[in-house]
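Content type mmCIF, C-alpha atoms, from the file structure.cif:
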```cif
data_start
loop_
_atom_site.label_atom_id
_atom_site.label_comp_id
_atom_site.auth_asym_id
_atom_site.auth_seq_id
_atom_site.Cartn_x
_atom_site.Cartn_y
_atom_site.Cartn_z
CA MET A 223 -6.09 28.29 -6.63
CA PRO A 224 -5.73 25.03 -8.59
CA GLU A 225 -8.99 23.33 -9.47
CA SER A 226 -8.02 20.19 -7.55
CA ASP A 227 -7.51 22.12 -4.30
CA THR A 228 -10.94 23.73 -4.59
CA ARG A 229 -12.49 20.36 -5.21
CA ARG A 230 -10.78 18.93 -2.16
CA GLN A 231 -11.82 21.85 0.02
CA THR A 232 -15.47 21.72 -0.97
CA PHE A 233 -15.51 17.94 -0.65
CA GLU A 234 -14.00 18.20 2.82
CA ALA A 235 -16.51 20.87 3.80
CA GLU A 236 -19.68 19.28 2.39
CA ALA A 237 -19.10 15.54 2.03
CA LEU A 238 -16.70 14.50 4.81
CA PRO A 239 -18.97 15.70 7.65
CA HIS A 240 -21.26 12.81 6.64
CA LEU A 241 -18.55 10.17 6.96
CA ASP A 242 -19.94 8.76 10.23
CA THR A 243 -23.36 8.39 8.62
CA VAL A 244 -21.89 6.66 5.56
CA TYR A 245 -19.89 4.36 7.84
CA ARG A 246 -22.84 3.41 10.07
CA VAL A 247 -25.07 2.65 7.10
CA ALA A 248 -22.24 0.69 5.42
CA LEU A 249 -21.78 -1.37 8.60
CA ARG A 250 -25.39 -2.42 8.61
CA LEU A 251 -25.42 -3.10 4.86
CA ALA A 252 -22.13 -4.98 4.64
CA GLY A 253 -22.43 -6.84 7.91
CA ASP A 254 -18.85 -6.56 9.21
CA GLU A 255 -16.32 -3.83 9.92
CA SER A 256 -13.71 -4.82 7.38
CA ARG A 257 -16.14 -4.97 4.46
CA ALA A 258 -17.84 -1.80 5.68
CA GLU A 259 -14.52 0.08 5.66
CA ASP A 260 -13.77 -1.08 2.11
CA LEU A 261 -17.27 -0.07 1.07
CA VAL A 262 -16.92 3.39 2.64
CA GLN A 263 -13.52 3.96 1.06
CA GLU A 264 -14.81 2.96 -2.37
CA THR A 265 -17.91 5.14 -1.90
CA MET A 266 -15.93 8.21 -0.90
CA LEU A 267 -13.50 7.75 -3.78
CA ARG A 268 -16.37 7.49 -6.27
CA ALA A 269 -18.03 10.51 -4.71
CA PHE A 270 -14.81 12.52 -4.93
CA LYS A 271 -14.33 11.56 -8.57
CA SER A 272 -17.93 12.56 -9.35
CA TRP A 273 -17.90 15.67 -7.19
CA HIS A 274 -18.44 17.92 -10.23
CA GLN A 275 -21.88 16.28 -10.61
CA TYR A 276 -22.94 17.30 -7.14
CA THR A 277 -24.75 20.64 -6.87
CA ARG A 278 -23.26 22.68 -4.05
CA GLY A 279 -25.57 23.31 -1.15
CA THR A 280 -28.01 20.49 -1.99
CA ASN A 281 -28.45 17.31 0.03
CA ALA A 282 -24.90 15.92 0.21
CA ARG A 283 -25.90 13.25 2.70
CA ALA A 284 -28.57 11.76 0.42
CA TRP A 285 -26.18 12.06 -2.53
CA LEU A 286 -23.46 10.10 -0.69
CA LEU A 287 -25.91 7.49 0.56
CA THR A 288 -27.12 6.92 -2.99
CA ILE A 289 -23.54 6.30 -4.13
CA LEU A 290 -22.99 4.01 -1.14
CA ARG A 291 -26.09 2.03 -1.99
CA HIS A 292 -25.16 1.64 -5.66
CA THR A 293 -21.62 0.62 -4.75
CA PHE A 294 -22.97 -1.93 -2.31
CA ILE A 295 -25.45 -3.38 -4.78
CA ASN A 296 -22.85 -3.61 -7.55
CA GLN A 297 -20.01 -5.11 -5.59
CA TYR A 298 -21.01 -6.51 -2.28
CA ARG A 299 -24.51 -7.80 -2.35
CA LYS A 300 -23.57 -10.88 -4.35
CA ALA A 301 -21.49 -12.11 -1.43
CA LYS A 302 -23.67 -13.88 1.09
CA ARG A 303 -24.18 -12.17 4.40
CA ALA A 304 -23.55 -14.37 7.41
CA ALA A 305 -26.53 -13.23 9.47
CA PRO A 306 -29.75 -15.19 8.96
CA GLU A 307 -32.65 -13.12 7.71
CA VAL A 308 -35.98 -12.92 9.45
CA ASP A 309 -39.07 -13.30 7.27
CA VAL A 310 -40.88 -10.06 8.12
CA HIS A 311 -44.01 -11.26 6.40
CA ARG A 312 -44.32 -14.05 8.93
CA ILE A 313 -44.20 -11.61 11.80
CA GLU A 314 -47.59 -10.32 12.76
CA PRO A 315 -47.66 -6.56 12.26
CA TYR A 316 -49.20 -6.00 15.66
CA THR A 317 -47.47 -3.96 18.25
CA VAL A 318 -45.96 -5.70 21.26
CA PHE A 319 -47.88 -3.12 23.30
CA HIS A 320 -50.90 -5.41 23.48
CA GLU A 321 -48.82 -7.98 25.32
CA VAL A 322 -47.14 -5.62 27.75
CA GLN A 323 -49.84 -3.02 28.38
CA GLU A 324 -50.63 -4.44 31.80
CA THR A 325 -47.09 -5.21 32.95
CA ASP A 326 -44.94 -2.58 31.23
CA PRO A 327 -47.03 -0.06 29.26
CA GLU A 328 -44.15 2.40 28.99
CA GLY A 329 -41.75 -0.14 27.49
CA ALA A 330 -39.18 0.06 30.27
CA PHE A 331 -37.90 -3.38 29.26
CA PHE A 332 -36.39 -1.84 26.11
CA ASP A 333 -33.93 0.12 28.22
CA ARG A 334 -32.32 -3.06 29.50
CA ILE A 335 -31.36 -4.14 25.97
CA VAL A 336 -27.82 -3.03 25.08
CA ASP A 337 -26.63 -1.40 21.83
CA ASP A 338 -24.98 -4.53 20.44
CA GLN A 339 -28.10 -6.58 20.80
CA VAL A 340 -30.21 -3.97 19.03
CA LEU A 341 -27.73 -3.77 16.14
CA ARG A 342 -27.57 -7.58 15.89
CA ALA A 343 -31.37 -7.72 15.70
CA ILE A 344 -31.42 -5.03 12.98
CA ASP A 345 -28.91 -7.10 11.03
CA THR A 346 -31.34 -10.01 10.80
CA LEU A 347 -33.97 -7.94 8.96
CA PRO A 348 -34.19 -8.52 5.19
CA HIS A 349 -32.17 -6.04 3.16
CA GLU A 350 -34.84 -3.56 2.03
CA PHE A 351 -36.43 -3.41 5.49
CA ARG A 352 -33.08 -3.08 7.25
CA GLU A 353 -32.02 -0.33 4.84
CA THR A 354 -35.22 1.66 5.36
CA LEU A 355 -35.06 1.33 9.14
CA ILE A 356 -31.43 2.41 9.46
CA LEU A 357 -31.92 5.43 7.20
CA SER A 358 -34.89 6.47 9.32
CA ASP A 359 -34.10 5.47 12.88
CA VAL A 360 -30.31 5.43 12.91
CA GLU A 361 -29.68 8.40 10.59
CA GLY A 362 -32.90 10.37 10.93
CA LEU A 363 -33.65 10.87 7.23
CA ALA A 364 -37.12 12.10 6.27
CA TYR A 365 -39.37 9.71 4.32
CA ALA A 366 -38.85 11.72 1.13
CA GLU A 367 -35.06 11.46 1.48
CA ILE A 368 -35.27 7.70 2.08
CA ALA A 369 -37.48 7.40 -1.01
CA GLU A 370 -34.85 9.29 -3.01
CA VAL A 371 -31.94 7.19 -1.75
CA THR A 372 -33.68 3.81 -2.06
CA GLU A 373 -35.45 4.73 -5.32
CA VAL A 374 -38.97 3.74 -4.27
CA PRO A 375 -42.18 5.75 -3.70
CA VAL A 376 -42.77 7.38 -0.30
CA GLY A 377 -45.69 4.99 0.28
CA THR A 378 -43.28 2.06 0.02
CA VAL A 379 -40.94 3.70 2.52
CA LYS A 380 -43.85 4.12 4.89
CA SER A 381 -44.98 0.48 4.66
CA ARG A 382 -41.42 -0.90 4.86
CA LEU A 383 -40.68 1.22 7.90
CA PHE A 384 -43.88 0.10 9.59
CA ARG A 385 -43.12 -3.59 9.02
CA ALA A 386 -39.45 -3.21 9.89
CA ARG A 387 -40.17 -1.46 13.18
CA GLN A 388 -42.84 -3.95 14.16
CA ALA A 389 -40.67 -6.94 13.23
CA LEU A 390 -37.72 -5.51 15.15
CA GLN A 391 -39.93 -4.74 18.13
CA ARG A 392 -41.07 -8.36 18.17
CA LEU A 393 -37.47 -9.62 17.96
CA LEU A 394 -36.39 -7.37 20.82
CA TYR A 395 -39.40 -8.35 22.91
CA ASP A 396 -38.65 -12.07 22.40
CA TYR A 397 -35.05 -11.39 23.37
CA ALA A 398 -36.14 -9.47 26.49
CA VAL A 399 -38.39 -12.38 27.49
CA GLU A 400 -35.56 -14.84 26.93
CA MET A 401 -33.24 -12.74 29.09
CA GLY A 402 -35.84 -12.44 31.82
CA TYR A 403 -36.19 -8.66 31.45
CA ILE A 404 -39.95 -9.10 31.13
CA GLN A 405 -42.41 -11.95 31.69
CA ARG A 406 -44.30 -13.18 28.67
CA ARG A 407 -48.03 -12.72 29.08
CA GLU A 408 -49.87 -15.99 29.57
CA PRO A 409 -52.08 -16.76 26.57
CA MET B 220 -61.90 21.00 0.85
CA THR B 221 -59.96 18.28 2.68
CA ASP B 222 -58.20 20.87 4.82
CA GLU B 223 -60.65 20.72 7.69
CA PRO B 224 -59.68 18.29 10.47
CA ARG B 225 -62.16 15.46 10.77
CA ASP B 226 -62.76 12.79 13.39
CA ILE B 227 -60.73 9.64 12.84
CA ASP B 228 -61.01 6.23 14.51
CA CYS B 229 -58.46 4.04 16.31
CA MET B 230 -57.59 2.10 13.13
CA GLU B 231 -56.66 5.29 11.31
CA VAL B 232 -54.59 6.45 14.25
CA LEU B 233 -52.74 3.13 14.24
CA ASP B 234 -52.13 3.46 10.51
CA ARG B 235 -50.73 6.99 10.86
CA LEU B 236 -49.00 6.68 14.21
CA TYR B 237 -45.40 6.35 13.01
CA GLU B 238 -45.88 9.17 10.50
CA TYR B 239 -47.26 11.24 13.35
CA LEU B 240 -44.34 10.43 15.64
CA ASP B 241 -41.85 11.00 12.81
CA GLY B 242 -43.28 14.45 12.05
CA GLU B 243 -44.26 13.36 8.55
CA LEU B 244 -47.93 14.40 8.62
CA THR B 245 -49.33 17.70 7.40
CA PRO B 246 -50.50 19.96 10.24
CA VAL B 247 -54.16 19.08 9.59
CA ARG B 248 -53.56 15.29 9.54
CA ALA B 249 -51.38 15.59 12.65
CA ALA B 250 -54.10 17.61 14.40
CA GLU B 251 -56.58 14.81 13.68
CA VAL B 252 -54.30 12.26 15.34
CA GLN B 253 -53.64 14.61 18.25
CA ARG B 254 -57.37 15.20 18.76
CA HIS B 255 -58.02 11.46 18.85
CA LEU B 256 -55.16 10.88 21.30
CA ASP B 257 -56.57 13.59 23.56
CA VAL B 258 -59.78 11.63 24.10
CA CYS B 259 -58.84 7.95 23.59
CA ALA B 260 -56.94 6.40 26.52
CA PRO B 261 -55.87 3.13 24.80
CA CYS B 262 -54.46 4.98 21.76
CA PHE B 263 -52.79 7.52 24.02
CA ARG B 264 -51.04 4.73 25.90
CA LEU B 265 -50.07 2.94 22.69
CA SER B 266 -48.67 6.19 21.33
CA GLY B 267 -46.54 6.61 24.45
CA PHE B 268 -45.19 3.07 24.09
CA GLU B 269 -44.35 3.43 20.38
CA SER B 270 -42.78 6.82 20.97
CA ALA B 271 -40.56 5.33 23.70
CA TYR B 272 -39.63 2.49 21.34
CA VAL B 273 -38.57 4.79 18.51
CA ARG B 274 -36.55 6.98 20.88
CA PHE B 275 -34.91 3.84 22.28
CA LEU B 276 -33.92 2.72 18.77
CA GLU B 277 -32.31 6.09 18.08
CA ALA B 278 -30.46 6.10 21.39
CA ARG B 279 -29.08 2.58 20.91
CA THR B 280 -27.86 2.84 17.33
CA ARG B 281 -26.16 6.21 16.81
CA ALA B 282 -22.98 5.80 18.83
CA GLN B 283 -20.71 4.32 16.17
CA ARG B 284 -18.21 6.59 14.44
CA ALA B 285 -15.99 6.05 11.43
CA PRO B 286 -12.58 4.81 12.68
CA PRO B 287 -9.86 7.53 12.57
CA ALA B 288 -7.66 5.26 10.42
CA LEU B 289 -10.42 5.04 7.81
CA ARG B 290 -10.83 8.83 7.77
CA LYS B 291 -7.07 9.17 7.30
CA ARG B 292 -7.04 6.68 4.41
CA ILE B 293 -9.84 8.59 2.69
CA LEU B 294 -7.99 11.89 3.02
CA GLU B 295 -4.84 10.29 1.61
CA GLN B 296 -6.86 8.78 -1.20
CA MET B 297 -8.20 12.24 -2.07
CA LEU B 298 -4.70 13.66 -2.15
CA MET B 299 -3.54 10.91 -4.50
CA GLU B 300 -6.55 11.39 -6.69
CA GLY B 301 -6.73 15.17 -6.68
CA SER B 302 -3.20 16.53 -6.68
CA SER B 303 -1.01 17.34 -9.61
CA PRO B 304 2.01 15.00 -9.95
CA GLU B 305 4.62 17.46 -8.66
CA LEU B 306 2.83 17.68 -5.31
CA LEU B 307 2.97 13.94 -4.73
#
```

Once more with this new file: its structure as structure tokens, please.
Amino acid sequence: MPESDTRRQTFEAEALPHLDTVYRVALRLAGDESRAEDLVQETMLRAFKSWHQYTRGTNARAWLLTILRHTFINQYRKAKRAAPEVDVHRIEPYTVFHEVQETDPEGAFFDRIVDDQVLRAIDTLPHEFRETLILSDVEGLAYAEIAEVTEVPVGTVKSRLFRARQALQRLLYDYAVEMGYIQRREP
Amino acid sequence: MTDEPRDIDCMEVLDRLYEYLDGELTPVRAAEVQRHLDVCAPCFRLSGFESAYVRFLEARTRAQRAPPALRKRILEQMLMEGSSPELL
């Protein structure tokens, strides 16, 4: 069998199953569908060209996400994203629970918020927080995998994820209040 | 030496809660959180709320799939890249 056919077969078997993951992460990084598709195509081409550097049977998903991230940083990050970024440091890292524990302790108001609104809120998080949250909560990577992909220590992943989740929770709570899904607690 | 579960307070539970919910703690550290949750009603309720929140995030964000046209373009790209000239 020619070498190129083997390469294609192993790439199809080990890399392509992660295409949806690469696409979802690219969407949240790039901010719109057209740029995300370009980013995914470029990522998969680079991955295919470098396939000989991948060790069969290791973590292909993390390997692809690393290439995606580097491609994004090199080519796309310079272009300004349209979505405004929330300053996570200005958001108090206290759970919304304290405000809803009497009215909605099980967080039923979350269920009234639709997919699009959640994704739009994620898109307003600053890059490194957004990236950590999507790798964890959208794609289900373990902290160690996120640390590998984003090239930071596990402790940084932990603190970014904490702040990102709390900031997002606050954004979604404010949205739910605005929409009348839940009453804001009187101060 | 540190492998024996010890009693932890609400602040420590709060600090470890996401790691606990994400299955990132060692069995001993997870057992400490679990033991605290068993006896502390406010932390137990908070844990239920945060757990619902994380599950909600997962449920609301995983539906998108790569468009079929994109998948097709990538396969074509691989053929262009990987085949010998006479197969093109």

Residues of chain A that have any atom at most 6 Å from an atom of chain B: could you tabulate them with the shortest-distance atom pair and the distance in Å to one decimal, using only C-alpha atoms, ordered by chain and increasing number, as JSON lines?
```
{"residue": "A:Ser226", "atom": "CA", "partner": "B:Gly301", "partner_atom": "CA", "distance": 5.3}
{"residue": "A:Asp242", "atom": "CA", "partner": "B:Ala285", "partner_atom": "CA", "distance": 4.9}
{"residue": "A:Tyr245", "atom": "CA", "partner": "B:Ala285", "partner_atom": "CA", "distance": 5.6}
{"residue": "A:Glu328", "atom": "CA", "partner": "B:Phe268", "partner_atom": "CA", "distance": 5.1}
{"residue": "A:Gly329", "atom": "CA", "partner": "B:Phe268", "partner_atom": "CA", "distance": 5.8}
{"residue": "A:Asp337", "atom": "CA", "partner": "B:Arg279", "partner_atom": "CA", "distance": 4.8}
{"residue": "A:Asp359", "atom": "CA", "partner": "B:Glu277", "partner_atom": "CA", "distance": 5.5}
{"residue": "A:Val360", "atom": "CA", "partner": "B:Glu277", "partner_atom": "CA", "distance": 5.6}
```

How would the residues just chosen look if you wrote them out with C-alpha atoms as a PDB file, keeping the file's coordinate frame?
```pdb
ATOM      1  CA  SER A 226      -8.020  20.190  -7.550  1.00  0.00           C
ATOM      2  CA  ASP A 242     -19.940   8.760  10.230  1.00  0.00           C
ATOM      3  CA  TYR A 245     -19.890   4.360   7.840  1.00  0.00           C
ATOM      4  CA  GLU A 328     -44.150   2.400  28.990  1.00  0.00           C
ATOM      5  CA  GLY A 329     -41.750  -0.140  27.490  1.00  0.00           C
ATOM      6  CA  ASP A 337     -26.630  -1.400  21.830  1.00  0.00           C
ATOM      7  CA  ASP A 359     -34.100   5.470  12.880  1.00  0.00           C
ATOM      8  CA  VAL A 360     -30.310   5.430  12.910  1.00  0.00           C
TER       9      VAL A 360
END
```

Report summary line: In Å and to one decimal, CA of Phe319 (chain A) is distant from CA of Ala366 (chain A) by 28.2 Å

Query raised in the report: Which residues fall under the PyMOL selection byres ((chain A and resi 317) around 8) in this file, as a list of chain:residue names?
Result: A:Pro315, A:Tyr316, A:Val318, A:Phe319, A:His320, A:Gln388, A:Gln391, A:Arg392

If I put a ball of radius 12 Å at (-31.0, 7.3, 3.1) in the file's coordinates, which residues poke into it when counting only C-alpha atoms, written as a PDB file with C-alpha atoms, keeping the file's coordinate frame?
```pdb
ATOM      1  CA  HIS A 240     -21.260  12.810   6.640  1.00  0.00           C
ATOM      2  CA  THR A 243     -23.360   8.390   8.620  1.00  0.00           C
ATOM      3  CA  VAL A 244     -21.890   6.660   5.560  1.00  0.00           C
ATOM      4  CA  ARG A 246     -22.840   3.410  10.070  1.00  0.00           C
ATOM      5  CA  VAL A 247     -25.070   2.650   7.100  1.00  0.00           C
ATOM      6  CA  ALA A 248     -22.240   0.690   5.420  1.00  0.00           C
ATOM      7  CA  LEU A 251     -25.420  -3.100   4.860  1.00  0.00           C
ATOM      8  CA  ASN A 281     -28.450  17.310   0.030  1.00  0.00           C
ATOM      9  CA  ALA A 282     -24.900  15.920   0.210  1.00  0.00           C
ATOM     10  CA  ARG A 283     -25.900  13.250   2.700  1.00  0.00           C
ATOM     11  CA  ALA A 284     -28.570  11.760   0.420  1.00  0.00           C
ATOM     12  CA  TRP A 285     -26.180  12.060  -2.530  1.00  0.00           C
ATOM     13  CA  LEU A 286     -23.460  10.100  -0.690  1.00  0.00           C
ATOM     14  CA  LEU A 287     -25.910   7.490   0.560  1.00  0.00           C
ATOM     15  CA  THR A 288     -27.120   6.920  -2.990  1.00  0.00           C
ATOM     16  CA  ILE A 289     -23.540   6.300  -4.130  1.00  0.00           C
ATOM     17  CA  LEU A 290     -22.990   4.010  -1.140  1.00  0.00           C
ATOM     18  CA  ARG A 291     -26.090   2.030  -1.990  1.00  0.00           C
ATOM     19  CA  HIS A 292     -25.160   1.640  -5.660  1.00  0.00           C
ATOM     20  CA  GLU A 350     -34.840  -3.560   2.030  1.00  0.00           C
ATOM     21  CA  ARG A 352     -33.080  -3.080   7.250  1.00  0.00           C
ATOM     22  CA  GLU A 353     -32.020  -0.330   4.840  1.00  0.00           C
ATOM     23  CA  THR A 354     -35.220   1.660   5.360  1.00  0.00           C
ATOM     24  CA  LEU A 355     -35.060   1.330   9.140  1.00  0.00           C
ATOM     25  CA  ILE A 356     -31.430   2.410   9.460  1.00  0.00           C
ATOM     26  CA  LEU A 357     -31.920   5.430   7.200  1.00  0.00           C
ATOM     27  CA  SER A 358     -34.890   6.470   9.320  1.00  0.00           C
ATOM     28  CA  ASP A 359     -34.100   5.470  12.880  1.00  0.00           C
ATOM     29  CA  VAL A 360     -30.310   5.430  12.910  1.00  0.00           C
ATOM     30  CA  GLU A 361     -29.680   8.400  10.590  1.00  0.00           C
ATOM     31  CA  GLY A 362     -32.900  10.370  10.930  1.00  0.00           C
ATOM     32  CA  LEU A 363     -33.650  10.870   7.230  1.00  0.00           C
ATOM     33  CA  ALA A 364     -37.120  12.100   6.270  1.00  0.00           C
ATOM     34  CA  TYR A 365     -39.370   9.710   4.320  1.00  0.00           C
ATOM     35  CA  ALA A 366     -38.850  11.720   1.130  1.00  0.00           C
ATOM     36  CA  GLU A 367     -35.060  11.460   1.480  1.00  0.00           C
ATOM     37  CA  ILE A 368     -35.270   7.700   2.080  1.00  0.00           C
ATOM     38  CA  ALA A 369     -37.480   7.400  -1.010  1.00  0.00           C
ATOM     39  CA  GLU A 370     -34.850   9.290  -3.010  1.00  0.00           C
ATOM     40  CA  VAL A 371     -31.940   7.190  -1.750  1.00  0.00           C
ATOM     41  CA  THR A 372     -33.680   3.810  -2.060  1.00  0.00           C
ATOM     42  CA  GLU A 373     -35.450   4.730  -5.320  1.00  0.00           C
ATOM     43  CA  VAL A 374     -38.970   3.740  -4.270  1.00  0.00           C
ATOM     44  CA  VAL A 379     -40.940   3.700   2.520  1.00  0.00           C
TER      45      VAL A 379
END
```

Query raised in the report: By how many Å are CA of Ala258 (chain A) and CA of Lys271 (chain A) apart?
Result: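 We find that CA of Ala258 (chain A) and CA of Lys271 (chain A) lie 19.8 Å from each other.
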
**Report entry** region 244-247 of chain B environment, 9 Å, all atoms listed in the file, sequence neighbours closer than 3 positions dropped, as a PyMOL selection string
**Finding:** chain B and resi 222-225+235+238-241+250-252

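CA of Trp273 (chain A) is found 19.2 Å from CA of Lys291 (chain B).
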
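Using all atoms listed in the file for every distance, the candidate list A:Arg268, A:Pro327, A:Ser381, A:Glu255 yields A:Pro327 as the residue closest to Cys262 (chain B).
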
**Report entry** Counting all atoms listed in the file, the option among A:Val310, A:Gln263, A:Thr293, A:Phe233 closest to Arg278 (chain A)
**Finding:**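 For Arg278 (chain A), the nearest of the given residues is A:Phe233.
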
Report task. Can you work out which one of A:Val308, A:Leu261, A:Ile335, A:Ala269 has the shortest atom-to-atom distance to Ala398 (chain A), counting all atoms listed in the file? Result ->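 That would be A:Ile335, the residue with the smallest distance to Ala398 (chain A).
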
Take region 343-354 of chain A, bring it up to N, CA and C atoms, and give me the output as a CSV table (one decimal), in the coordinates of the input.
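What follows is the written file out.csv:
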```
chain,number,residue,atom,x,y,z
A,343,ALA,N,-30.0,-7.5,16.1
A,343,ALA,CA,-31.4,-7.7,15.7
A,343,ALA,C,-31.7,-7.0,14.4
A,344,ILE,N,-31.2,-5.8,14.2
A,344,ILE,CA,-31.4,-5.0,13.0
A,344,ILE,C,-30.8,-5.8,11.8
A,345,ASP,N,-29.6,-6.4,12.1
A,345,ASP,CA,-28.9,-7.1,11.0
A,345,ASP,C,-29.6,-8.3,10.5
A,346,THR,N,-30.6,-8.8,11.3
A,346,THR,CA,-31.3,-10.0,10.8
A,346,THR,C,-32.6,-9.6,9.9
A,347,LEU,N,-32.9,-8.4,9.8
A,347,LEU,CA,-34.0,-7.9,9.0
A,347,LEU,C,-33.6,-8.1,7.5
A,348,PRO,N,-34.5,-8.5,6.6
A,348,PRO,CA,-34.2,-8.5,5.2
A,348,PRO,C,-33.7,-7.2,4.7
A,349,HIS,N,-32.9,-7.2,3.6
A,349,HIS,CA,-32.2,-6.0,3.2
A,349,HIS,C,-33.0,-4.8,3.0
A,350,GLU,N,-34.1,-4.8,2.3
A,350,GLU,CA,-34.8,-3.6,2.0
A,350,GLU,C,-35.5,-3.0,3.3
A,351,PHE,N,-35.8,-3.9,4.2
A,351,PHE,CA,-36.4,-3.4,5.5
A,351,PHE,C,-35.3,-2.8,6.4
A,352,ARG,N,-34.2,-3.5,6.4
A,352,ARG,CA,-33.1,-3.1,7.2
A,352,ARG,C,-32.6,-1.7,6.8
A,353,GLU,N,-32.5,-1.6,5.4
A,353,GLU,CA,-32.0,-0.3,4.8
A,353,GLU,C,-32.9,0.8,5.2
A,354,THR,N,-34.3,0.6,5.1
A,354,THR,CA,-35.2,1.7,5.4
A,354,THR,C,-35.2,2.0,6.8
```
